>>> print(open('data04.txt').read())   # compact mmCIF, C-alpha atoms and all ligand atoms
# COMPACT_ATOMS: atom_id res chain seq x y z
CA MET H 1 149.94 -58.55 -131.42
CA THR H 2 150.62 -55.57 -133.65
CA PRO H 3 150.56 -55.07 -137.43
CA ALA H 4 154.38 -55.02 -137.33
CA GLY H 5 154.34 -58.31 -135.43
CA ILE H 6 152.22 -59.88 -138.17
CA ARG H 7 154.44 -58.39 -140.88
CA ASP H 8 157.55 -59.79 -139.15
CA ARG H 9 156.20 -63.32 -139.51
CA LYS H 10 157.29 -63.10 -143.14
CA ARG H 11 160.89 -62.92 -141.97
CA SER H 12 160.62 -65.39 -139.09
CA GLY H 13 158.68 -67.89 -141.18
CA GLU H 14 156.16 -68.59 -138.41
CA LYS H 15 152.84 -69.29 -140.12
CA ILE H 16 150.02 -66.87 -139.31
CA ALA H 17 146.83 -68.53 -138.02
CA ALA H 18 144.02 -66.05 -138.59
CA LEU H 19 140.31 -66.52 -137.86
CA THR H 20 137.15 -64.46 -137.92
CA ALA H 21 135.56 -63.30 -134.66
CA TYR H 22 132.24 -61.53 -134.43
CA ASP H 23 131.47 -61.31 -130.71
CA TYR H 24 132.87 -61.29 -127.18
CA PRO H 25 132.87 -65.05 -126.37
CA LEU H 26 134.32 -66.09 -129.72
CA ALA H 27 137.03 -63.44 -129.51
CA LYS H 28 137.92 -64.61 -125.99
CA MET H 29 138.01 -68.29 -127.02
CA LEU H 30 140.18 -67.67 -130.08
CA ASP H 31 142.47 -65.38 -128.12
CA GLU H 32 142.88 -67.95 -125.35
CA ALA H 33 143.75 -70.49 -128.08
CA GLY H 34 146.61 -68.20 -129.14
CA VAL H 35 145.26 -67.01 -132.50
CA PRO H 36 147.23 -63.81 -133.25
CA PHE H 37 144.96 -62.28 -135.92
CA LEU H 38 141.21 -61.82 -135.39
CA LEU H 39 139.20 -60.53 -138.32
CA VAL H 40 135.82 -58.99 -137.71
CA GLY H 41 134.96 -59.96 -141.25
CA ASP H 42 131.93 -58.79 -143.18
CA SER H 43 131.26 -62.53 -143.56
CA LEU H 44 129.32 -61.90 -140.34
CA GLY H 45 126.57 -60.65 -142.63
CA MET H 46 126.07 -64.18 -143.92
CA VAL H 47 126.90 -66.43 -140.96
CA VAL H 48 125.49 -64.27 -138.14
CA LEU H 49 122.97 -61.86 -139.66
CA GLY H 50 121.47 -64.13 -142.33
CA TYR H 51 122.07 -61.86 -145.32
CA PRO H 52 122.41 -63.65 -148.69
CA ASP H 53 125.86 -62.10 -149.28
CA THR H 54 128.20 -59.52 -147.75
CA THR H 55 127.01 -56.58 -149.84
CA LEU H 56 124.19 -55.78 -147.41
CA VAL H 57 126.47 -55.34 -144.39
CA THR H 58 126.42 -51.79 -143.01
CA MET H 59 128.88 -49.70 -141.04
CA ALA H 60 126.48 -49.94 -138.08
CA ASP H 61 126.59 -53.77 -138.30
CA MET H 62 130.39 -53.70 -138.35
CA GLU H 63 130.72 -51.22 -135.50
CA HIS H 64 128.37 -53.28 -133.32
CA HIS H 65 130.45 -56.45 -133.81
CA VAL H 66 133.83 -54.72 -133.60
CA ARG H 67 132.80 -53.28 -130.21
CA ALA H 68 131.82 -56.74 -128.97
CA VAL H 69 135.16 -58.24 -130.07
CA ALA H 70 137.15 -55.33 -128.65
CA ARG H 71 135.45 -55.77 -125.24
CA ALA H 72 137.26 -59.11 -125.00
CA LYS H 73 140.52 -57.08 -124.96
CA PRO H 74 142.30 -59.75 -126.98
CA GLN H 75 146.08 -60.05 -127.19
CA ALA H 76 145.44 -60.73 -130.87
CA LEU H 77 145.38 -58.01 -133.49
CA VAL H 78 141.78 -56.97 -134.21
CA VAL H 79 141.26 -56.23 -137.90
CA ALA H 80 137.88 -55.05 -139.23
CA ASP H 81 136.40 -55.11 -142.71
CA LEU H 82 135.23 -51.95 -144.39
CA PRO H 83 131.86 -53.05 -145.78
CA PHE H 84 130.70 -52.74 -149.37
CA GLY H 85 130.09 -49.17 -150.55
CA THR H 86 131.87 -47.54 -147.61
CA TYR H 87 135.19 -46.82 -149.34
CA ASP H 88 134.13 -45.69 -152.80
CA THR H 89 135.91 -42.37 -152.35
CA VAL H 90 139.05 -41.38 -150.48
CA ALA H 91 137.05 -39.26 -148.04
CA GLU H 92 134.55 -42.06 -147.28
CA ALA H 93 137.37 -44.57 -146.84
CA VAL H 94 139.11 -42.45 -144.21
CA VAL H 95 135.92 -41.49 -142.34
CA ASN H 96 134.72 -45.11 -142.19
CA ALA H 97 138.14 -46.55 -141.33
CA ARG H 98 138.25 -44.07 -138.42
CA ARG H 99 134.79 -45.22 -137.31
CA LEU H 100 135.99 -48.82 -137.16
CA VAL H 101 139.04 -47.76 -135.17
CA ALA H 102 136.82 -45.77 -132.81
CA ALA H 103 134.79 -48.96 -132.30
CA GLY H 104 137.96 -50.86 -131.32
CA ALA H 105 139.63 -52.12 -134.50
CA GLU H 106 143.42 -51.91 -134.64
CA ALA H 107 143.59 -52.22 -138.43
CA VAL H 108 141.17 -52.30 -141.34
CA LYS H 109 140.81 -54.40 -144.46
CA ALA H 110 139.10 -53.65 -147.77
CA GLU H 111 138.75 -55.57 -151.03
CA GLY H 112 140.81 -54.64 -154.08
CA GLY H 113 144.25 -53.64 -155.27
CA ARG H 114 145.25 -50.82 -157.61
CA SER H 115 141.59 -49.90 -158.19
CA ILE H 116 141.35 -48.66 -154.58
CA LEU H 117 144.96 -47.56 -154.12
CA PRO H 118 144.15 -43.87 -153.40
CA GLN H 119 141.78 -45.03 -150.63
CA VAL H 120 144.44 -47.40 -149.22
CA GLN H 121 147.07 -44.66 -149.27
CA ALA H 122 144.71 -42.22 -147.54
CA ILE H 123 143.81 -44.74 -144.81
CA LEU H 124 147.51 -45.38 -144.18
CA ALA H 125 148.26 -41.63 -144.26
CA ALA H 126 145.60 -41.23 -141.55
CA GLY H 127 147.72 -43.57 -139.40
CA ILE H 128 145.46 -46.61 -139.67
CA PRO H 129 147.18 -49.95 -140.35
CA TYR H 130 145.85 -51.63 -143.46
CA CYS H 131 145.48 -55.26 -144.61
CA GLY H 132 144.78 -55.92 -148.30
CA HIS H 133 142.40 -58.48 -149.81
CA LEU H 134 142.87 -59.83 -153.35
CA GLY H 135 141.55 -62.66 -155.50
CA MET H 136 137.91 -63.63 -155.26
CA LEU H 137 136.31 -60.56 -153.72
CA PRO H 138 132.98 -61.43 -152.05
CA GLN H 139 131.80 -57.80 -152.17
CA HIS H 140 131.85 -58.11 -156.00
CA VAL H 141 129.68 -61.24 -156.07
CA ARG H 142 126.71 -59.49 -157.66
CA GLU H 143 128.62 -57.89 -160.52
CA GLU H 144 130.63 -61.10 -161.12
CA GLY H 145 127.58 -63.38 -160.87
CA GLY H 146 129.12 -65.77 -158.33
CA TYR H 147 132.26 -66.72 -156.43
CA HIS H 148 134.92 -67.62 -159.00
CA ILE H 149 138.51 -68.79 -158.55
CA LYS H 150 141.09 -66.19 -159.65
CA GLY H 151 144.51 -66.54 -161.30
CA ARG H 152 143.54 -68.97 -164.01
CA THR H 153 144.48 -66.71 -166.92
CA GLU H 154 147.75 -64.91 -167.58
CA THR H 155 145.91 -61.56 -167.41
CA GLU H 156 144.54 -62.40 -163.96
CA ARG H 157 147.93 -63.68 -162.77
CA GLU H 158 149.69 -60.48 -163.85
CA ALA H 159 146.97 -58.29 -162.33
CA LEU H 160 147.15 -60.14 -159.00
CA LEU H 161 150.95 -59.84 -158.85
CA ALA H 162 150.78 -56.12 -159.66
CA ASP H 163 147.98 -55.52 -157.14
CA ALA H 164 149.86 -57.33 -154.37
CA GLN H 165 153.02 -55.33 -155.10
CA ALA H 166 151.05 -52.07 -155.13
CA LEU H 167 149.51 -52.84 -151.73
CA ALA H 168 152.92 -53.74 -150.29
CA ASP H 169 154.45 -50.55 -151.73
CA ALA H 170 151.62 -48.50 -150.22
CA GLY H 171 152.43 -49.89 -146.77
CA ALA H 172 149.87 -52.65 -146.15
CA PHE H 173 151.14 -54.95 -143.40
CA ALA H 174 149.62 -58.12 -144.94
CA VAL H 175 147.34 -59.24 -147.74
CA VAL H 176 144.58 -61.83 -147.78
CA LEU H 177 144.52 -64.00 -150.91
CA GLU H 178 141.06 -65.49 -151.39
CA ILE H 179 140.42 -68.43 -153.73
CA ILE H 180 143.41 -67.88 -156.01
CA THR H 181 144.97 -70.81 -157.87
CA PRO H 182 147.65 -72.29 -155.55
CA PRO H 183 150.57 -71.75 -157.99
CA VAL H 184 149.70 -68.06 -158.38
CA ALA H 185 149.21 -67.64 -154.61
CA LYS H 186 152.64 -69.23 -154.16
CA GLU H 187 154.15 -66.86 -156.71
CA ILE H 188 152.61 -63.80 -155.03
CA THR H 189 153.87 -65.04 -151.66
CA ALA H 190 157.41 -65.32 -153.04
CA SER H 191 157.28 -61.93 -154.73
CA VAL H 192 155.97 -59.55 -152.05
CA PRO H 193 157.74 -58.48 -148.84
CA ILE H 194 154.55 -58.67 -146.71
CA PRO H 195 152.81 -61.82 -145.49
CA THR H 196 150.10 -63.39 -147.59
CA ILE H 197 147.21 -64.93 -145.68
CA GLY H 198 145.41 -67.44 -147.84
CA ILE H 199 141.86 -68.70 -147.85
CA GLY H 200 141.17 -71.47 -150.35
CA SER H 201 144.42 -70.55 -152.12
CA GLY H 202 146.61 -73.56 -151.34
CA PRO H 203 149.21 -74.26 -148.65
CA ASP H 204 152.02 -71.96 -149.77
CA CYS H 205 150.86 -68.67 -148.26
CA ASP H 206 152.52 -67.17 -145.17
CA GLY H 207 149.37 -67.83 -143.17
CA GLN H 208 145.82 -69.07 -143.47
CA ILE H 209 142.51 -67.50 -142.54
CA LEU H 210 139.12 -69.17 -142.19
CA VAL H 211 135.64 -68.16 -141.24
CA THR H 212 135.56 -69.65 -137.74
CA PHE H 213 131.98 -70.88 -138.14
CA ASP H 214 133.17 -73.02 -141.09
CA LEU H 215 136.10 -74.41 -139.09
CA VAL H 216 133.97 -75.45 -136.12
CA GLY H 217 130.81 -76.48 -137.98
CA LEU H 218 128.64 -73.69 -136.65
CA PHE H 219 127.02 -72.82 -139.98
CA PRO H 220 126.05 -76.31 -141.19
CA TRP H 221 123.92 -75.16 -144.12
CA PHE H 222 126.98 -74.37 -146.23
CA THR H 223 130.67 -75.26 -145.89
CA PRO H 224 133.18 -74.12 -148.54
CA ARG H 225 134.89 -76.97 -150.38
CA PHE H 226 138.35 -76.02 -149.10
CA VAL H 227 137.39 -76.22 -145.39
CA LYS H 228 137.77 -79.37 -143.32
CA PRO H 229 135.65 -78.71 -140.21
CA ARG H 230 137.45 -79.65 -136.98
CA ALA H 231 134.28 -79.74 -134.87
CA ASN H 232 130.55 -80.06 -135.32
CA CYS H 233 129.28 -77.38 -133.00
CA ALA H 234 125.87 -77.06 -134.65
CA ALA H 235 125.17 -80.77 -134.08
CA ASP H 236 126.46 -80.53 -130.49
CA ILE H 237 124.10 -77.63 -129.80
CA GLN H 238 121.16 -79.46 -131.35
CA HIS H 239 121.90 -82.63 -129.34
CA ALA H 240 122.26 -80.66 -126.10
CA VAL H 241 119.00 -78.79 -126.72
CA SER H 242 117.13 -81.98 -127.67
CA ALA H 243 118.42 -83.78 -124.55
CA TRP H 244 117.42 -80.87 -122.30
CA LYS H 245 113.99 -80.61 -123.91
CA ALA H 246 113.42 -84.37 -123.68
CA ALA H 247 114.29 -84.34 -119.98
CA LEU H 248 112.05 -81.33 -119.37
CA THR H 249 109.05 -82.74 -121.15
CA ALA H 250 109.42 -86.40 -120.04
CA PRO H 251 106.46 -87.58 -117.94
CA VAL H 252 107.32 -87.53 -114.23
CA ALA H 253 106.59 -90.82 -112.38
CA LYS H 254 104.21 -90.13 -109.45
O1 LIG T 1 134.80 -61.41 -144.25
C1 LIG T 1 135.60 -62.31 -144.06
O2 LIG T 1 135.41 -63.18 -143.20
C2 LIG T 1 136.81 -62.34 -144.86
C3 LIG T 1 137.62 -63.58 -144.83
C4 LIG T 1 136.90 -64.66 -145.52
C5 LIG T 1 138.98 -63.39 -145.36
O3 LIG T 1 137.11 -61.39 -145.52
>>> encode(input="data04.txt", output="structure tokens")
Amino acid sequence: MTPAGIRDRKRSGEKIAALTAYDYPLAKMLDEAGVPFLLVGDSLGMVVLGYPDTTLVTMADMEHHVRAVARAKPQALVVADLPFGTYDTVAEAVVNARRLVAAGAEAVKAEGGRSILPQVQAILAAGIPYCGHLGMLPQHVREEGGYHIKGRTETEREALLADAQALADAGAFAVVLEIITPPVAKEITASVPIPTIGIGSGPDCDGQILVTFDLVGLFPWFTPRFVKPRANCAADIQHAVSAWKAALTAPVAK
């Protein structure tokens, strides 16, 4: 899969199924299941590394996980998140996007619209495919004091539409819409020429993305309201481990 292949889904109408992958086995499993878009998301900071939010994720964390995913040599497009504080300036954005590409990413994603447009333009000018991310921006959780739905006010709606258009005009091949009111996500989807990939933003986006651990019940301590887990992997692991331990420690009849 290529960025152009993802972008073309807007025209063909085939929904984009996107998931996060953080390591070799998960990347291989998702790829074998035919998922065309693998995001090495900075959500790995929370569900793999145990950080309280994504703002503590470093470039070294991201590079480590991007390398592991890239070793699976997936058919899917591998997109990697630029972590918090690594694209504050144009120069930092390009240097760090190049580091993710050197680790094996085929495209990068960062959070924001017009506020980071010079960085987006510079990344694209450096020849690195770019995916946008609008709506609730987890890297802003500390300044915003929580994870809040976006698009509820007319000001937010207009800003989101303008940001999405600016990213499309800059040359982004897709844009993630996170926790935006479904009518506004639908309106953005109808108004931009690139695919929208929603998460908690209703059914009317061109694709959907989830944190894989949420989808398969591998992080049972918190599941977002909009996710319906399709498996209970954490419980399966605990049952398997308990059964193995019980067999190992059971008294042997002499
Ligand atoms: O980091 C991540 O996993 C993401 C998705 C939730 C879109 O950015």
>>> atom_distance(input="data04.txt", atom1="atom C1 of ligand LIG 1 (chain T)", atom2="CA of Leu210 (chain H)")
7.9 Å
>>> closest_atom_pairs(input="data04.txt", of="chain H", to="ligand LIG 1 (chain T)", cutoff="7 Å", atoms="only C-alpha atoms and all ligand atoms", output="Markdown table")
| residue | atom | partner | partner_atom | distance |
| --- | --- | --- | --- | --- |
| H:Thr20 | CA | T:LIG1 | O2 | 5.7 |
| H:Leu39 | CA | T:LIG1 | O2 | 6.7 |
| H:Val40 | CA | T:LIG1 | O2 | 6.9 |
| H:Gly41 | CA | T:LIG1 | O1 | 3.3 |
| H:Asp42 | CA | T:LIG1 | O1 | 4.0 |
| H:Ser43 | CA | T:LIG1 | O1 | 3.8 |
| H:Leu44 | CA | T:LIG1 | O1 | 6.7 |
| H:Asp81 | CA | T:LIG1 | O1 | 6.7 |
| H:Val176 | CA | T:LIG1 | C5 | 6.3 |
| H:Glu178 | CA | T:LIG1 | C5 | 6.7 |
| H:Ile199 | CA | T:LIG1 | C5 | 6.5 |
| H:Ile209 | CA | T:LIG1 | C5 | 6.1 |
| H:Leu210 | CA | T:LIG1 | C4 | 6.0 |
| H:Val211 | CA | T:LIG1 | O2 | 5.4 |
>>> residues_around(input="data04.txt", residues="Ala168 (chain H)", least_positions_apart="3", cutoff="7 Å", atoms="all atoms listed in the file", output="list of chain:residue names")
H:Ala164, H:Gln165, H:Gly171, H:Ala172, H:Val192, H:Pro193, H:Ile194
>>> residues_around(input="data04.txt", residues="Gly146 (chain H)", least_positions_apart="6", cutoff="12 Å", atoms="all atoms listed in the file", output="list in words")
Pro52, Asp53, Met136, Leu137, Pro138, Gln139 and His140 of chain H
>>> atom_distance(input="data04.txt", atom1="CA of Val35 (chain H)", atom2="CA of Asp206 (chain H)")
14.6 Å
>>> residues_around(input="data04.txt", residues="Ala17 (chain H)", least_positions_apart="4", cutoff="12 Å", atoms="all atoms listed in the file", output="number ranges by chain")
H: 6, 9, 30-31, 33-39, 76-77, 195-199, 205-212
>>> residues_around(input="data04.txt", residues="region 103-106 of chain H", least_positions_apart="2", cutoff="12 Å", atoms="all atoms listed in the file", output="MDAnalysis selection string")
chainID H and resid 1:4 21:22 37:41 59:82 96:101 108:109 127:131
>>> atom_distance(input="data04.txt", atom1="CA of Ser201 (chain H)", atom2="CA of Pro83 (chain H)")
22.5 Å
>>> closest_residue(input="data04.txt", among="H:Val216, H:Ala234, H:Val175, H:Leu248", to="Arg7 (chain H)", atoms="all atoms listed in the file")
H:Val175
>>> residues_around(input="data04.txt", residues="Phe219 (chain H)", least_positions_apart="3", cutoff="9 Å", atoms="all atoms listed in the file", output="MDAnalysis selection string")
chainID H and resid 47:48 213:214 216 222:223 233:234
>>> write_last_selection(input="data04.txt", atoms="C-alpha atoms", output="short mmCIF file (atom, residue, chain, number, x, y, z; two decimals), in the frame of the given file")
data_model
loop_
_atom_site.label_atom_id
_atom_site.label_comp_id
_atom_site.auth_asym_id
_atom_site.auth_seq_id
_atom_site.Cartn_x
_atom_site.Cartn_y
_atom_site.Cartn_z
CA VAL H 47 126.90 -66.43 -140.96
CA VAL H 48 125.49 -64.27 -138.14
CA PHE H 213 131.98 -70.88 -138.14
CA ASP H 214 133.17 -73.02 -141.09
CA VAL H 216 133.97 -75.45 -136.12
CA PHE H 222 126.98 -74.37 -146.23
CA THR H 223 130.67 -75.26 -145.89
CA CYS H 233 129.28 -77.38 -133.00
CA ALA H 234 125.87 -77.06 -134.65
#
>>> closest_residue(input="data04.txt", among="H:Leu49, H:Ala159, H:Leu215, H:Glu154", to="Ala231 (chain H)", atoms="all atoms listed in the file")
H:Leu215
>>> closest_atom_pairs(input="data04.txt", of="region 130-156 of chain H", to="region 180-191 of chain H", cutoff="8 Å", atoms="only C-alpha atoms", output="CSV")
residue,atom,partner,partner_atom,distance
H:Gly135,CA,H:Ile180,CA,5.6
H:Met136,CA,H:Ile180,CA,7.0
H:Ile149,CA,H:Ile180,CA,5.6
H:Lys150,CA,H:Ile180,CA,4.6
H:Gly151,CA,H:Thr181,CA,5.5
H:Arg152,CA,H:Thr181,CA,6.6
>>> write_last_selection(input="data04.txt", atoms="C-alpha atoms", output="mmCIF file, keeping the file's coordinate frame")
data_model
loop_
_atom_site.group_PDB
_atom_site.id
_atom_site.type_symbol
_atom_site.label_atom_id
_atom_site.label_comp_id
_atom_site.auth_asym_id
_atom_site.auth_seq_id
_atom_site.Cartn_x
_atom_site.Cartn_y
_atom_site.Cartn_z
ATOM 1 C CA GLY H 135 141.550 -62.660 -155.500
ATOM 2 C CA MET H 136 137.910 -63.630 -155.260
ATOM 3 C CA ILE H 149 138.510 -68.790 -158.550
ATOM 4 C CA LYS H 150 141.090 -66.190 -159.650
ATOM 5 C CA GLY H 151 144.510 -66.540 -161.300
ATOM 6 C CA ARG H 152 143.540 -68.970 -164.010
#
>>> build_atoms(input="data04.txt", residues="region 198-209 of chain H", atoms="all heavy atoms", output="mmCIF file, in the coordinates of the input")
data_model
loop_
_atom_site.group_PDB
_atom_site.id
_atom_site.type_symbol
_atom_site.label_atom_id
_atom_site.label_comp_id
_atom_site.auth_asym_id
_atom_site.auth_seq_id
_atom_site.Cartn_x
_atom_site.Cartn_y
_atom_site.Cartn_z
ATOM 1 N N GLY H 198 146.259 -66.819 -146.829
ATOM 2 C CA GLY H 198 145.410 -67.440 -147.840
ATOM 3 C C GLY H 198 144.105 -67.971 -147.279
ATOM 4 O O GLY H 198 144.001 -68.333 -146.106
ATOM 5 N N ILE H 199 143.114 -68.002 -148.152
ATOM 6 C CA ILE H 199 141.860 -68.700 -147.850
ATOM 7 C C ILE H 199 141.427 -69.388 -149.137
ATOM 8 O O ILE H 199 141.169 -68.727 -150.150
ATOM 9 C CB ILE H 199 140.770 -67.766 -147.255
ATOM 10 C CG1 ILE H 199 139.422 -68.512 -147.126
ATOM 11 C CG2 ILE H 199 140.615 -66.456 -148.004
ATOM 12 C CD1 ILE H 199 138.422 -67.855 -146.191
ATOM 13 N N GLY H 200 141.478 -70.711 -149.139
ATOM 14 C CA GLY H 200 141.170 -71.470 -150.350
ATOM 15 C C GLY H 200 142.156 -71.224 -151.463
ATOM 16 O O GLY H 200 141.818 -71.343 -152.643
ATOM 17 N N SER H 201 143.408 -70.879 -151.110
ATOM 18 C CA SER H 201 144.420 -70.550 -152.120
ATOM 19 C C SER H 201 145.656 -71.433 -152.012
ATOM 20 O O SER H 201 146.739 -71.043 -152.451
ATOM 21 C CB SER H 201 144.825 -69.066 -151.976
ATOM 22 O OG SER H 201 143.703 -68.232 -152.180
ATOM 23 N N GLY H 202 145.493 -72.616 -151.429
ATOM 24 C CA GLY H 202 146.610 -73.560 -151.340
ATOM 25 C C GLY H 202 147.466 -73.332 -150.098
ATOM 26 O O GLY H 202 147.269 -72.378 -149.347
ATOM 27 N N PRO H 203 148.454 -74.237 -149.919
ATOM 28 C CA PRO H 203 149.210 -74.260 -148.650
ATOM 29 C C PRO H 203 150.398 -73.312 -148.604
ATOM 30 O O PRO H 203 151.040 -73.193 -147.569
ATOM 31 C CB PRO H 203 149.711 -75.710 -148.602
ATOM 32 C CG PRO H 203 149.873 -76.093 -150.049
ATOM 33 C CD PRO H 203 148.803 -75.349 -150.817
ATOM 34 N N ASP H 204 150.727 -72.663 -149.710
ATOM 35 C CA ASP H 204 152.020 -71.960 -149.770
ATOM 36 C C ASP H 204 151.951 -70.476 -149.444
ATOM 37 O O ASP H 204 152.834 -69.711 -149.837
ATOM 38 C CB ASP H 204 152.645 -72.174 -151.156
ATOM 39 C CG ASP H 204 152.972 -73.640 -151.375
ATOM 40 O OD1 ASP H 204 153.563 -74.245 -150.464
ATOM 41 O OD2 ASP H 204 152.604 -74.177 -152.434
ATOM 42 N N CYS H 205 150.924 -70.058 -148.724
ATOM 43 C CA CYS H 205 150.860 -68.670 -148.260
ATOM 44 C C CYS H 205 151.581 -68.579 -146.908
ATOM 45 O O CYS H 205 151.881 -69.591 -146.284
ATOM 46 C CB CYS H 205 149.403 -68.231 -148.114
ATOM 47 S SG CYS H 205 148.512 -68.262 -149.696
ATOM 48 N N ASP H 206 151.819 -67.341 -146.453
ATOM 49 C CA ASP H 206 152.520 -67.170 -145.170
ATOM 50 C C ASP H 206 151.603 -67.449 -143.979
ATOM 51 O O ASP H 206 152.079 -67.566 -142.847
ATOM 52 C CB ASP H 206 153.072 -65.740 -145.068
ATOM 53 C CG ASP H 206 154.085 -65.458 -146.166
ATOM 54 O OD1 ASP H 206 155.068 -66.214 -146.268
ATOM 55 O OD2 ASP H 206 153.880 -64.501 -146.947
ATOM 56 N N GLY H 207 150.326 -67.506 -144.223
ATOM 57 C CA GLY H 207 149.370 -67.830 -143.170
ATOM 58 C C GLY H 207 148.077 -68.285 -143.812
ATOM 59 O O GLY H 207 147.951 -68.321 -145.043
ATOM 60 N N GLN H 208 147.130 -68.643 -142.973
ATOM 61 C CA GLN H 208 145.820 -69.070 -143.470
ATOM 62 C C GLN H 208 144.758 -68.394 -142.624
ATOM 63 O O GLN H 208 144.936 -68.195 -141.414
ATOM 64 C CB GLN H 208 145.662 -70.598 -143.337
ATOM 65 C CG GLN H 208 146.646 -71.416 -144.169
ATOM 66 C CD GLN H 208 146.376 -71.360 -145.677
ATOM 67 O OE1 GLN H 208 145.234 -71.143 -146.112
ATOM 68 N NE2 GLN H 208 147.415 -71.542 -146.480
ATOM 69 N N ILE H 209 143.653 -68.045 -143.272
ATOM 70 C CA ILE H 209 142.510 -67.500 -142.540
ATOM 71 C C ILE H 209 141.273 -68.304 -142.914
ATOM 72 O O ILE H 209 141.143 -68.761 -144.060
ATOM 73 C CB ILE H 209 142.301 -65.989 -142.824
ATOM 74 C CG1 ILE H 209 141.177 -65.428 -141.938
ATOM 75 C CG2 ILE H 209 142.015 -65.704 -144.291
ATOM 76 C CD1 ILE H 209 141.177 -63.901 -141.824
#
